[in-house]
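Novice: Supplied in structure tokens, the structure appears directly below.
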Amino acid sequence: MTQKTNPQMIIKRRSLLGAAAAAFSGGALGFRTAWAQTRTETLKGEQNRSASDPGPSNAGLANANPNSNNPPATDRGDILPIWYSFDLTHRRIQDGGWTRQVTAREFPSSQDVAGVTMRLTAGSYRELHWHTANEWAYMLYGSARVTVFNPDGTIFIGDVAEGDLWFFPTGFPHSIQGLGPDGCEFLLVFDQGTFSEYNTFLLSGWLAHTPSKVLSRNFTVPEAALADLPEQGLYIFPGTVPGSLEDDRKAVGGAAVASTVNYTFRMKAVKPTTETAGGTIRIVDSTIFQASKTIASALFTLKPGALRELHWHPNASEWQYYISGKGRMTVFASAGQAHTMDYNPNDVGYVPQVAGHYVENTGDRDLVFLALFKSGYFSEVSLNQWIRRLPVQMTEQHLLLSAATIAQIPNVGNNILPR
Ligand code: MN
Ligand code: MN
């Protein structure tokens, strides 16, 4: 795939700077003109002499990442990796399903968040377990039944379908079971970059590592009755599709032992936080999903050609999971450093805290992706809104834009273009 440069855009920017240089005089302008020339020379070099690549290439990866292979002329510097893919990881397949993970071991840029994708066939369990991190999840396909046990003795039992979330607090034991007709697939997000889904506390694993005499005394049953306990942790294993949710709830005591906290949330069903001609944003954080105390999330749908505006997040790094479509993101990492990458389904994106970025739909169908933040609340600074809240003269003198041009910049935040 060859690079699609946009010479018009570049000439426009250059002539704009040239016009500005002609209109004023003074020391600062000498600097601006020199900067414009440097940028132009770099671009020419890339186009005419230096971009050829006669050596080896992994065509699959190169074609999936045209913006990294032939970067925009505005990319510069040495920033940390902002792309990874679940499709590069080992898939742990067991009877009943599979799992794979992208943690700080695979993707060291992300120290705050680790991700897992998991498939459970109908009736199969992710074994009862607990762990050191909080767990947030998004259902990608199918449906599941989940349980969470609260330390106060109450239990939550709920069903989730595509577009739904759950949140399980650190140390609270829980289960996931695939429902009919074809089980489920989901994304798990943990608020600990080094978290490993393979190092959780499994119910069967604990019993397998406790002397049977102690188990006999603890459960007040004879040792012989415990003879068939699993000899090691099960992790994922096949089971029977359960009956109705109501029957399951009744069987354990109904309202008398029901959790007062709702650990699931129907994200895709909420009214969009933002809806424009270019797409939608659904922000779900602890202000509307109270259980999700440490993870804030946003679900984006960008129509073909749409642009998620330039912005940054003051309170947390951003961990992204791409669900469908094709997009690109440029991360501006201060000190003149910027890197553009392409994103395809099952890819992970990363943006350091406070680093500027945009996301653009470069495909011919909707681009759908999730953004996760290790925080109880979603927070963002919009470049457009910031500019429009400044005294016009201040912007004119910084950017050499006319007042008329500044007045055309959208005066809102949380935006997708076109409006
Ligand atoms: Mn878990
Ligand atoms: Mn963002």
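Chain identifiers are assigned as A, B, and so on, following the order in which chains appear in the structure tokens; residues are numbered from 1 within each chain, and ligands are numbered from 1 in order of appearance.
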When the cut-off is 8 Å and you count only C-alpha atoms and all ligand atoms, which residues lie near ligand 2, shown as a PyMOL selection string?

Specialist: chain A and resi 311-313+318+351+357-358+371+380

Novice: Filtering to C-alpha atoms, could you give me those residues as a short mmCIF file (atom, residue, chain, number, x, y, z; two decimals), in the first residue's frame?

Specialist:
```
data_model
loop_
_atom_site.label_atom_id
_atom_site.label_comp_id
_atom_site.auth_asym_id
_atom_site.auth_seq_id
_atom_site.Cartn_x
_atom_site.Cartn_y
_atom_site.Cartn_z
CA HIS A 311 -8.25 16.68 23.02
CA TRP A 312 -6.51 15.24 26.07
CA HIS A 313 -7.37 13.80 29.47
CA GLU A 318 -6.25 6.20 28.01
CA VAL A 351 -2.36 7.52 25.15
CA HIS A 357 -4.62 13.05 20.44
CA TYR A 358 -7.36 12.63 17.83
CA ALA A 371 -11.63 4.13 25.81
CA GLU A 380 -11.31 15.74 28.99
#
```

Novice: Collect all residues with atoms no farther than 10 Å from ligand 1, counting only C-alpha atoms and all ligand atoms, and output them as an NGL selection string.

Specialist: :A and (126-137 or 148 or 167-176 or 188-190 or 197 or 200-202)

Novice: Return the single residue from A:Gly356, A:Ala255, A:Leu203, A:Glu246 that is closest to Gly336 (chain A), with distances computed using only C-alpha atoms.

Specialist: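 Checking each candidate against Gly336 (chain A), we get A:Gly356 as the closest.
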
Novice: Using DSSP secondary structure from the backbone, list all helix (DSSP H, G or I) positions within region 145-367 of chain A, as a PDB file with N, CA and C atoms, in the first residue's frame.

Specialist:
```
ATOM      1  N   LEU A 203     -11.265 -20.989  43.249  1.00  0.00           N
ATOM      2  CA  LEU A 203     -11.926 -21.776  44.297  1.00  0.00           C
ATOM      3  C   LEU A 203     -11.330 -23.179  44.389  1.00  0.00           C
ATOM      4  N   SER A 204     -11.291 -23.892  43.257  1.00  0.00           N
ATOM      5  CA  SER A 204     -10.806 -25.275  43.286  1.00  0.00           C
ATOM      6  C   SER A 204      -9.309 -25.323  43.611  1.00  0.00           C
ATOM      7  N   GLY A 205      -8.587 -24.288  43.134  1.00  0.00           N
ATOM      8  CA  GLY A 205      -7.150 -24.249  43.395  1.00  0.00           C
ATOM      9  C   GLY A 205      -6.847 -24.142  44.884  1.00  0.00           C
ATOM     10  N   TRP A 206      -7.633 -23.360  45.604  1.00  0.00           N
ATOM     11  CA  TRP A 206      -7.393 -23.198  47.047  1.00  0.00           C
ATOM     12  C   TRP A 206      -7.647 -24.519  47.780  1.00  0.00           C
ATOM     13  N   LEU A 207      -8.785 -25.156  47.427  1.00  0.00           N
ATOM     14  CA  LEU A 207      -9.125 -26.411  48.113  1.00  0.00           C
ATOM     15  C   LEU A 207      -8.096 -27.487  47.800  1.00  0.00           C
ATOM     16  N   ALA A 208      -7.543 -27.468  46.562  1.00  0.00           N
ATOM     17  CA  ALA A 208      -6.533 -28.463  46.183  1.00  0.00           C
ATOM     18  C   ALA A 208      -5.248 -28.274  46.981  1.00  0.00           C
ATOM     19  N   SER A 212      -6.745 -32.137  53.506  1.00  0.00           N
ATOM     20  CA  SER A 212      -8.143 -32.597  53.491  1.00  0.00           C
ATOM     21  C   SER A 212      -8.738 -32.672  54.901  1.00  0.00           C
ATOM     22  N   LYS A 213      -7.881 -32.938  55.914  1.00  0.00           N
ATOM     23  CA  LYS A 213      -8.391 -32.944  57.302  1.00  0.00           C
ATOM     24  C   LYS A 213      -8.913 -31.563  57.682  1.00  0.00           C
ATOM     25  N   VAL A 214      -8.204 -30.538  57.256  1.00  0.00           N
ATOM     26  CA  VAL A 214      -8.635 -29.165  57.551  1.00  0.00           C
ATOM     27  C   VAL A 214      -9.934 -28.854  56.817  1.00  0.00           C
ATOM     28  N   LEU A 215     -10.023 -29.284  55.547  1.00  0.00           N
ATOM     29  CA  LEU A 215     -11.263 -29.059  54.788  1.00  0.00           C
ATOM     30  C   LEU A 215     -12.435 -29.765  55.464  1.00  0.00           C
ATOM     31  N   SER A 216     -12.195 -30.991  55.926  1.00  0.00           N
ATOM     32  CA  SER A 216     -13.235 -31.775  56.596  1.00  0.00           C
ATOM     33  C   SER A 216     -13.756 -31.010  57.827  1.00  0.00           C
ATOM     34  N   ARG A 217     -12.845 -30.459  58.620  1.00  0.00           N
ATOM     35  CA  ARG A 217     -13.256 -29.714  59.830  1.00  0.00           C
ATOM     36  C   ARG A 217     -13.960 -28.420  59.448  1.00  0.00           C
ATOM     37  N   ASN A 218     -13.429 -27.736  58.417  1.00  0.00           N
ATOM     38  CA  ASN A 218     -14.007 -26.452  58.006  1.00  0.00           C
ATOM     39  C   ASN A 218     -15.435 -26.609  57.488  1.00  0.00           C
ATOM     40  N   PHE A 219     -15.624 -27.639  56.640  1.00  0.00           N
ATOM     41  CA  PHE A 219     -16.952 -27.843  56.040  1.00  0.00           C
ATOM     42  C   PHE A 219     -17.865 -28.677  56.938  1.00  0.00           C
ATOM     43  N   GLU A 223     -14.153 -36.581  55.590  1.00  0.00           N
ATOM     44  CA  GLU A 223     -13.149 -36.488  54.522  1.00  0.00           C
ATOM     45  C   GLU A 223     -13.564 -37.259  53.280  1.00  0.00           C
ATOM     46  N   ALA A 224     -14.214 -38.401  53.467  1.00  0.00           N
ATOM     47  CA  ALA A 224     -14.622 -39.256  52.333  1.00  0.00           C
ATOM     48  C   ALA A 224     -15.542 -38.495  51.380  1.00  0.00           C
ATOM     49  N   ALA A 225     -16.338 -37.576  51.939  1.00  0.00           N
ATOM     50  CA  ALA A 225     -17.281 -36.820  51.100  1.00  0.00           C
ATOM     51  C   ALA A 225     -16.553 -35.834  50.188  1.00  0.00           C
ATOM     52  N   LEU A 226     -15.265 -35.589  50.461  1.00  0.00           N
ATOM     53  CA  LEU A 226     -14.490 -34.609  49.690  1.00  0.00           C
ATOM     54  C   LEU A 226     -13.537 -35.278  48.703  1.00  0.00           C
ATOM     55  N   LEU A 245     -32.896 -16.570  35.224  1.00  0.00           N
ATOM     56  CA  LEU A 245     -32.256 -15.738  36.243  1.00  0.00           C
ATOM     57  C   LEU A 245     -33.103 -15.726  37.517  1.00  0.00           C
ATOM     58  N   GLU A 246     -34.427 -15.629  37.366  1.00  0.00           N
ATOM     59  CA  GLU A 246     -35.319 -15.603  38.528  1.00  0.00           C
ATOM     60  C   GLU A 246     -35.190 -16.877  39.353  1.00  0.00           C
ATOM     61  N   ASP A 247     -35.132 -18.025  38.663  1.00  0.00           N
ATOM     62  CA  ASP A 247     -34.995 -19.294  39.377  1.00  0.00           C
ATOM     63  C   ASP A 247     -33.682 -19.344  40.148  1.00  0.00           C
ATOM     64  N   ASP A 248     -32.603 -18.863  39.526  1.00  0.00           N
ATOM     65  CA  ASP A 248     -31.298 -18.856  40.206  1.00  0.00           C
ATOM     66  C   ASP A 248     -31.351 -17.961  41.454  1.00  0.00           C
ATOM     67  N   ARG A 249     -31.978 -16.801  41.307  1.00  0.00           N
ATOM     68  CA  ARG A 249     -32.062 -15.872  42.449  1.00  0.00           C
ATOM     69  C   ARG A 249     -32.896 -16.474  43.585  1.00  0.00           C
ATOM     70  N   LYS A 250     -34.036 -17.054  43.199  1.00  0.00           N
ATOM     71  CA  LYS A 250     -34.918 -17.666  44.213  1.00  0.00           C
ATOM     72  C   LYS A 250     -34.195 -18.783  44.946  1.00  0.00           C
ATOM     73  N   ALA A 251     -33.439 -19.581  44.199  1.00  0.00           N
ATOM     74  CA  ALA A 251     -32.789 -20.756  44.769  1.00  0.00           C
ATOM     75  C   ALA A 251     -31.820 -20.393  45.896  1.00  0.00           C
ATOM     76  N   GLY A 254     -33.567 -15.313  47.250  1.00  0.00           N
ATOM     77  CA  GLY A 254     -34.307 -14.153  46.736  1.00  0.00           C
ATOM     78  C   GLY A 254     -33.844 -12.830  47.309  1.00  0.00           C
ATOM     79  N   ALA A 255     -34.810 -11.926  47.532  1.00  0.00           N
ATOM     80  CA  ALA A 255     -34.499 -10.560  47.947  1.00  0.00           C
ATOM     81  C   ALA A 255     -33.765 -10.511  49.285  1.00  0.00           C
ATOM     82  N   ALA A 256     -34.001 -11.519  50.137  1.00  0.00           N
ATOM     83  CA  ALA A 256     -33.409 -11.521  51.473  1.00  0.00           C
ATOM     84  C   ALA A 256     -31.881 -11.484  51.423  1.00  0.00           C
ATOM     85  N   VAL A 257     -31.291 -12.082  50.387  1.00  0.00           N
ATOM     86  CA  VAL A 257     -29.827 -12.120  50.318  1.00  0.00           C
ATOM     87  C   VAL A 257     -29.321 -11.413  49.052  1.00  0.00           C
ATOM     88  N   MET A 267     -24.497  -0.366  28.872  1.00  0.00           N
ATOM     89  CA  MET A 267     -23.822   0.798  28.274  1.00  0.00           C
ATOM     90  C   MET A 267     -24.406   1.194  26.925  1.00  0.00           C
ATOM     91  N   LYS A 268     -24.592   0.214  26.056  1.00  0.00           N
ATOM     92  CA  LYS A 268     -25.039   0.519  24.693  1.00  0.00           C
ATOM     93  C   LYS A 268     -26.480   1.046  24.686  1.00  0.00           C
ATOM     94  N   ALA A 269     -27.215   0.790  25.777  1.00  0.00           N
ATOM     95  CA  ALA A 269     -28.617   1.217  25.826  1.00  0.00           C
ATOM     96  C   ALA A 269     -28.764   2.665  26.306  1.00  0.00           C
TER      97      ALA A 269
END
```

Novice: How many Å lie between CA of Ser379 (chain A) and CA of Gly193 (chain A), rounded to one decimal?

Specialist: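 Distance between the two atoms: 20.6 Å.
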
Novice: When you draw a straight line from CA of Arg266 (chain A) to CA of Ser286 (chain A), how long is it in Å?

Specialist: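 Straight-line distance from CA of Arg266 (chain A) to CA of Ser286 (chain A) works out to 13.6 Å.
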
Novice: Counting only C-alpha atoms, which residues of region 276-368 of chain A sit at most 8 Å from some atom of region 108-116 of chain A, and what is each one's closest atom pair with its distance in Å to one decimal, listed by chain and rising residue number, as JSON lines?

Specialist:
```
{"residue": "A:Ser317", "atom": "CA", "partner": "A:Asp112", "partner_atom": "CA", "distance": 7.5}
{"residue": "A:Trp319", "atom": "CA", "partner": "A:Val113", "partner_atom": "CA", "distance": 6.9}
{"residue": "A:Tyr350", "atom": "CA", "partner": "A:Ser110", "partner_atom": "CA", "distance": 6.8}
```

Novice: Print the selection's residues with N, CA and C atoms to a file, as an mmCIF file, in the first residue's frame.

Specialist:
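Dumped everything to selection05.cif:
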```cif
data_model
loop_
_atom_site.group_PDB
_atom_site.id
_atom_site.type_symbol
_atom_site.label_atom_id
_atom_site.label_comp_id
_atom_site.auth_asym_id
_atom_site.auth_seq_id
_atom_site.Cartn_x
_atom_site.Cartn_y
_atom_site.Cartn_z
ATOM 1 N N SER A 317 -4.276 8.116 31.989
ATOM 2 C CA SER A 317 -3.902 7.633 30.657
ATOM 3 C C SER A 317 -5.144 6.976 30.035
ATOM 4 N N TRP A 319 -6.615 3.855 27.653
ATOM 5 C CA TRP A 319 -6.372 2.506 27.082
ATOM 6 C C TRP A 319 -7.554 2.217 26.185
ATOM 7 N N TYR A 350 -2.961 3.204 23.124
ATOM 8 C CA TYR A 350 -2.579 3.786 24.408
ATOM 9 C C TYR A 350 -2.223 5.257 24.222
#
```

Novice: Residues at most 10 Å from Pro242 (chain A), counting only C-alpha atoms, excluding those fewer than 2 positions away in the same chain, as a ChimeraX atom specification?

Specialist: /A:122-123,145,177-180,239-240,244-245,247-248

Novice: Can you write out the residues you just picked, keeping C-alpha atoms, as a CSV table (one decimal), in the first residue's frame?

Specialist:
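What landed in result00.csv:
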```csv
chain,number,residue,atom,x,y,z
A,122,ALA,CA,-22.8,-22.1,26.1
A,123,GLY,CA,-22.8,-23.4,29.7
A,145,ARG,CA,-24.7,-15.0,33.7
A,177,GLN,CA,-21.0,-18.5,32.7
A,178,GLY,CA,-21.8,-18.5,29.0
A,179,LEU,CA,-25.5,-18.7,28.2
A,180,GLY,CA,-27.4,-20.1,25.1
A,239,GLY,CA,-21.0,-26.9,32.4
A,240,THR,CA,-24.7,-26.9,31.9
A,244,SER,CA,-33.9,-18.6,34.3
A,245,LEU,CA,-32.3,-15.7,36.2
A,247,ASP,CA,-35.0,-19.3,39.4
A,248,ASP,CA,-31.3,-18.9,40.2
```
